[in-house]
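Shown next: run.txt, containing compact mmCIF, C-alpha atoms.
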# COMPACT_ATOMS: atom_id res chain seq x y z
CA MET A 193 6.35 -20.76 13.53
CA SER A 194 6.43 -18.86 10.25
CA GLU A 195 8.76 -15.91 9.91
CA ILE A 196 5.82 -13.53 9.60
CA GLN A 197 3.79 -13.36 12.78
CA ASN A 198 0.41 -12.03 11.80
CA GLN A 199 -1.99 -9.68 13.48
CA SER A 200 -4.82 -12.18 13.07
CA SER A 201 -4.86 -15.95 12.86
CA SER A 202 -6.74 -15.72 9.55
CA TYR A 203 -3.54 -14.51 7.80
CA ASN A 204 -0.39 -16.48 7.22
CA SER A 205 3.05 -15.85 5.76
CA GLU A 206 2.43 -18.18 2.82
CA GLN A 207 -0.73 -16.29 1.84
CA LEU A 208 1.04 -12.93 2.11
CA ALA A 209 4.04 -14.21 0.14
CA LYS A 210 1.79 -15.45 -2.68
CA LEU A 211 -0.04 -12.12 -2.85
CA ALA A 212 3.25 -10.19 -2.89
CA GLN A 213 4.60 -12.47 -5.63
CA GLN A 214 1.48 -11.77 -7.71
CA ILE A 215 1.98 -8.02 -7.22
CA LYS A 216 5.59 -8.32 -8.40
CA ILE A 217 4.54 -9.86 -11.73
CA ASP A 218 1.45 -7.72 -12.36
CA SER A 219 2.40 -5.45 -15.27
CA ASN A 220 -0.12 -2.80 -14.19
CA ILE A 221 1.44 -2.40 -10.74
CA LYS A 222 4.70 -0.52 -10.46
CA LEU A 223 6.75 -0.44 -7.26
CA SER A 224 8.49 2.74 -6.17
CA THR A 225 12.14 2.65 -5.19
CA ASP A 226 12.01 6.14 -3.64
CA ALA A 227 13.08 5.94 -0.01
CA ASP A 228 12.21 8.71 2.47
CA CYS A 229 14.12 6.93 5.20
CA GLY A 230 17.21 6.05 3.16
CA ASN A 231 18.75 2.86 1.85
CA SER A 232 16.24 0.36 0.48
CA PHE A 233 13.33 1.30 2.72
CA ASN A 234 10.79 1.61 -0.07
CA ALA A 235 7.67 -0.05 -1.50
CA LYS A 236 9.62 -2.32 -3.84
CA GLN A 237 11.74 -3.68 -0.99
CA ASN A 238 8.63 -4.15 1.22
CA ILE A 239 7.01 -6.30 -1.49
CA ASN A 240 10.25 -8.21 -2.14
CA ASP A 241 10.62 -8.97 1.58
CA VAL A 242 7.03 -10.18 1.93
CA ALA A 243 7.33 -12.25 -1.28
CA ASP A 244 10.40 -13.90 0.30
CA GLY A 245 8.43 -14.76 3.47
CA LYS A 246 10.03 -12.01 5.56
CA LEU A 247 8.52 -9.25 7.64
CA PRO A 248 8.58 -5.84 5.95
CA ALA A 249 10.69 -3.02 7.33
CA ILE A 250 8.55 -0.71 9.47
CA CYS A 251 9.78 2.86 9.79
CA SER A 252 9.14 5.20 12.67
CA TYR A 253 7.61 8.66 12.55
CA LYS A 254 9.74 10.92 10.36
CA CYS A 255 12.24 8.03 10.17
CA GLY A 256 13.69 9.16 13.51
CA ASP A 257 14.26 5.72 15.00
CA GLY A 258 15.04 4.04 11.70
CA CYS A 259 13.29 1.11 10.06
CA ILE A 260 13.11 -2.32 11.66
CA SER A 261 11.90 -5.61 10.18
CA GLY A 262 8.46 -6.20 11.70
CA GLY A 263 8.63 -2.95 13.68
CA THR A 264 9.86 -2.52 17.25
CA GLU A 265 7.87 -5.54 18.46
CA GLY A 266 8.92 -7.61 15.42
CA ASP A 267 5.39 -8.76 14.61
CA ILE A 268 3.90 -6.33 12.09
CA ALA A 269 3.02 -7.68 8.66
CA ILE A 270 1.22 -5.97 5.79
CA LYS A 271 -2.49 -6.72 6.15
CA SER A 272 -3.62 -9.14 3.44
CA THR A 273 -6.61 -6.89 2.62
CA ILE A 274 -4.13 -4.29 1.34
CA LEU A 275 -2.38 -6.75 -0.96
CA GLU A 276 -5.65 -8.32 -2.13
CA GLY A 277 -7.11 -4.88 -2.77
CA LEU A 278 -4.14 -3.80 -4.88
CA LEU A 279 -4.42 -6.90 -7.05
CA SER A 280 -8.17 -6.48 -7.37
CA LEU A 281 -7.74 -2.82 -8.25
CA SER A 282 -5.34 -3.74 -11.05
CA GLN A 283 -7.82 -6.26 -12.49
CA TRP A 284 -10.72 -3.82 -12.16
CA MET A 285 -8.77 -1.05 -13.90
CA GLN A 286 -8.04 -3.41 -16.80
CA SER A 287 -11.68 -4.48 -17.05
CA GLU A 288 -12.77 -0.82 -17.01
CA GLY A 289 -10.31 0.12 -19.73
CA ILE A 290 -8.30 2.38 -17.42
CA SER A 291 -4.83 2.14 -18.90
CA GLY A 292 -1.50 2.71 -17.25
CA GLY A 293 -2.11 1.02 -13.91
CA PHE A 294 -0.65 2.59 -10.78
CA THR A 295 2.49 2.84 -8.70
CA ILE A 296 2.69 1.76 -5.07
CA THR A 297 4.63 4.62 -3.49
CA SER A 298 4.54 3.62 0.19
CA LEU A 299 3.56 0.68 2.36
CA THR A 300 5.23 0.44 5.78
CA THR A 301 8.16 2.75 5.19
CA GLY A 302 8.47 6.47 4.63
CA SER A 303 7.76 9.57 6.63
CA HIS A 304 4.13 9.72 7.80
CA SER A 305 2.22 11.04 10.81
CA ALA A 306 3.18 9.59 14.19
CA LYS A 307 0.23 7.20 14.48
CA SER A 308 -0.01 6.37 10.78
CA LEU A 309 -1.67 3.14 9.72
CA HIS A 310 1.36 2.66 7.44
CA TYR A 311 3.41 1.71 10.51
CA GLN A 312 0.79 -0.89 11.43
CA GLY A 313 0.81 -2.58 8.00
CA ARG A 314 -2.69 -1.22 7.39
CA ALA A 315 -2.15 1.50 4.76
CA VAL A 316 -0.79 2.01 1.28
CA ASP A 317 -0.18 5.03 -0.92
CA ILE A 318 -0.65 4.67 -4.66
CA THR A 319 -0.30 7.01 -7.59
CA PRO A 320 -2.49 6.23 -10.60
CA ASN A 321 -0.63 6.67 -13.88
CA SER A 322 -3.47 8.84 -15.16
CA SER A 323 -3.52 12.59 -14.70
CA ASP A 324 -7.33 12.68 -14.92
CA PRO A 325 -8.87 13.49 -11.49
CA ALA A 326 -12.03 11.60 -12.54
CA VAL A 327 -9.96 8.40 -12.83
CA TRP A 328 -8.47 9.03 -9.40
CA ARG A 329 -11.98 9.47 -7.92
CA ARG A 330 -13.13 6.22 -9.56
CA ILE A 331 -10.16 4.39 -8.04
CA ARG A 332 -10.79 5.93 -4.62
CA ASN A 333 -14.46 4.95 -4.81
CA TYR A 334 -13.64 1.42 -5.97
CA LEU A 335 -11.36 0.85 -2.99
CA LYS A 336 -13.93 2.20 -0.54
CA GLY A 337 -16.84 0.33 -2.10
CA PHE A 338 -15.22 -3.04 -2.31
CA PHE A 339 -12.71 -3.05 0.52
CA GLY A 340 -13.83 -0.40 2.97
CA GLY A 341 -11.41 1.58 5.01
CA ASN A 342 -10.71 5.19 4.28
CA PRO A 343 -9.26 5.86 0.82
CA PHE A 344 -8.77 9.52 -0.01
CA CYS A 345 -6.88 11.67 -2.45
CA GLU A 346 -4.08 13.26 -0.48
CA ARG A 347 -2.44 16.57 -1.26
CA PRO A 348 1.31 17.06 -0.78
CA ASP A 349 0.57 18.84 2.53
CA GLY A 350 -1.28 15.76 3.83
CA GLY A 351 -4.78 17.19 3.43
CA ASN A 352 -7.75 15.49 1.81
CA ASP A 353 -8.54 16.65 -1.73
CA SER A 354 -12.08 15.46 -2.43
CA SER A 355 -11.84 16.49 -6.10
CA CYS A 356 -8.48 14.68 -6.50
CA GLY A 357 -7.36 17.58 -8.72
CA ASN A 358 -4.47 18.66 -6.48
CA ALA A 359 -3.57 15.30 -4.96
CA ASP A 360 -0.21 13.63 -5.40
CA HIS A 361 -1.38 10.15 -4.31
CA ILE A 362 -4.30 8.11 -3.00
CA HIS A 363 -3.92 7.01 0.61
CA TRP A 364 -5.89 3.90 1.55
CA GLY A 365 -5.99 2.70 5.13
CA VAL A 366 -7.94 -0.27 6.45
Serialized structure, structure tokens:
Amino acid sequence: MSEIQNQSSSYNSEQLAKLAQQIKIDSNIKLSTDADCGNSFNAKQNINDVADGKLPAICSYKCGDGCISGGTEGDIAIKSTILEGLLSLSQWMQSEGISGGFTITSLTTGSHSAKSLHYQGRAVDITPNSSDPAVWRRIRNYLKGFFGGNPFCERPDGGNDSSCGNADHIHWGV
């Protein structure tokens, strides 16, 4: 059995590893090394682990119980839709002439709400490298239109900022 046990039989560790490897070499995608929960529990390490065929570290609410590879049950992987969407977003931004790309700031680690989709491998936070709220709205709309889920511009207090003018990242959960 592969090291990554997936939430659906349509996903496999080899597919996830290939997607993560593509993210690592995409010059428009930056990976944050900021770690709310200490050590190397950050987006860059999540992607490195998945690219190496490992389960990502999953943190608990407010980092209280630490971060465990695959979560407490040892079977949580990042949903392939998230990784595919990030790669597609990068290509779309290039084709639309939106320069600067974006930074993945959080996948399965960090301090989020207790029942956050992050801890299920079903959410990502990104920060576009543009300060223009119109660009942020276009990115949010692209993710929703092509991949579904619930992308929204999130303020530092966790609230939804529909204008994206006071947001510090885009949260996308599927």
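Interatomic distance, CA of Ser219 (chain A) to CA of Glu276 (chain A): 15.7 Å.
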Given all atoms listed in the file as the basis, pick out the residue of A:Gln207, A:Ser298, A:Ser280, A:Gln312 nearest to Thr264 (chain A).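 The shortest atom-to-atom distance to Thr264 (chain A) comes from A:Gln312.
With CA of Gly266 (chain A) on one side and CA of Cys229 (chain A) on the other, the separation reads 18.5 Å.
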Of the residues A:Ser291, A:Gly313, A:Asn220, A:Thr225, which is the one nearest to Gly263 (chain A), using all atoms listed in the file?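 Distance minimum relative to Gly263 (chain A) lands on A:Gly313.
Interatomic distance, CA of Gln286 (chain A) against CA of Val242 (chain A): 25.0 Å.
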Of the candidates A:Thr319, A:Asn231, A:Thr301, A:Gln213, which shows the shortest atom-to-atom distance to Cys251 (chain A), using only C-alpha atoms? A:Thr301
In terms of the shortest atom-to-atom distance over all atoms listed in the file, which of A:Gly245, A:Gly293, A:Gly365, A:Pro320 is closest to Ser205 (chain A)?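 When distances to Ser205 (chain A) are compared using all atoms listed in the file, the smallest one comes from A:Gly245.
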Test item: residues at most 8 Å from Leu335 (chain A), only C-alpha atoms, excluding those fewer than 3 positions along its chain, as a PyMOL selection string: chain A and resi 277+281+331-332+338-340+343+364
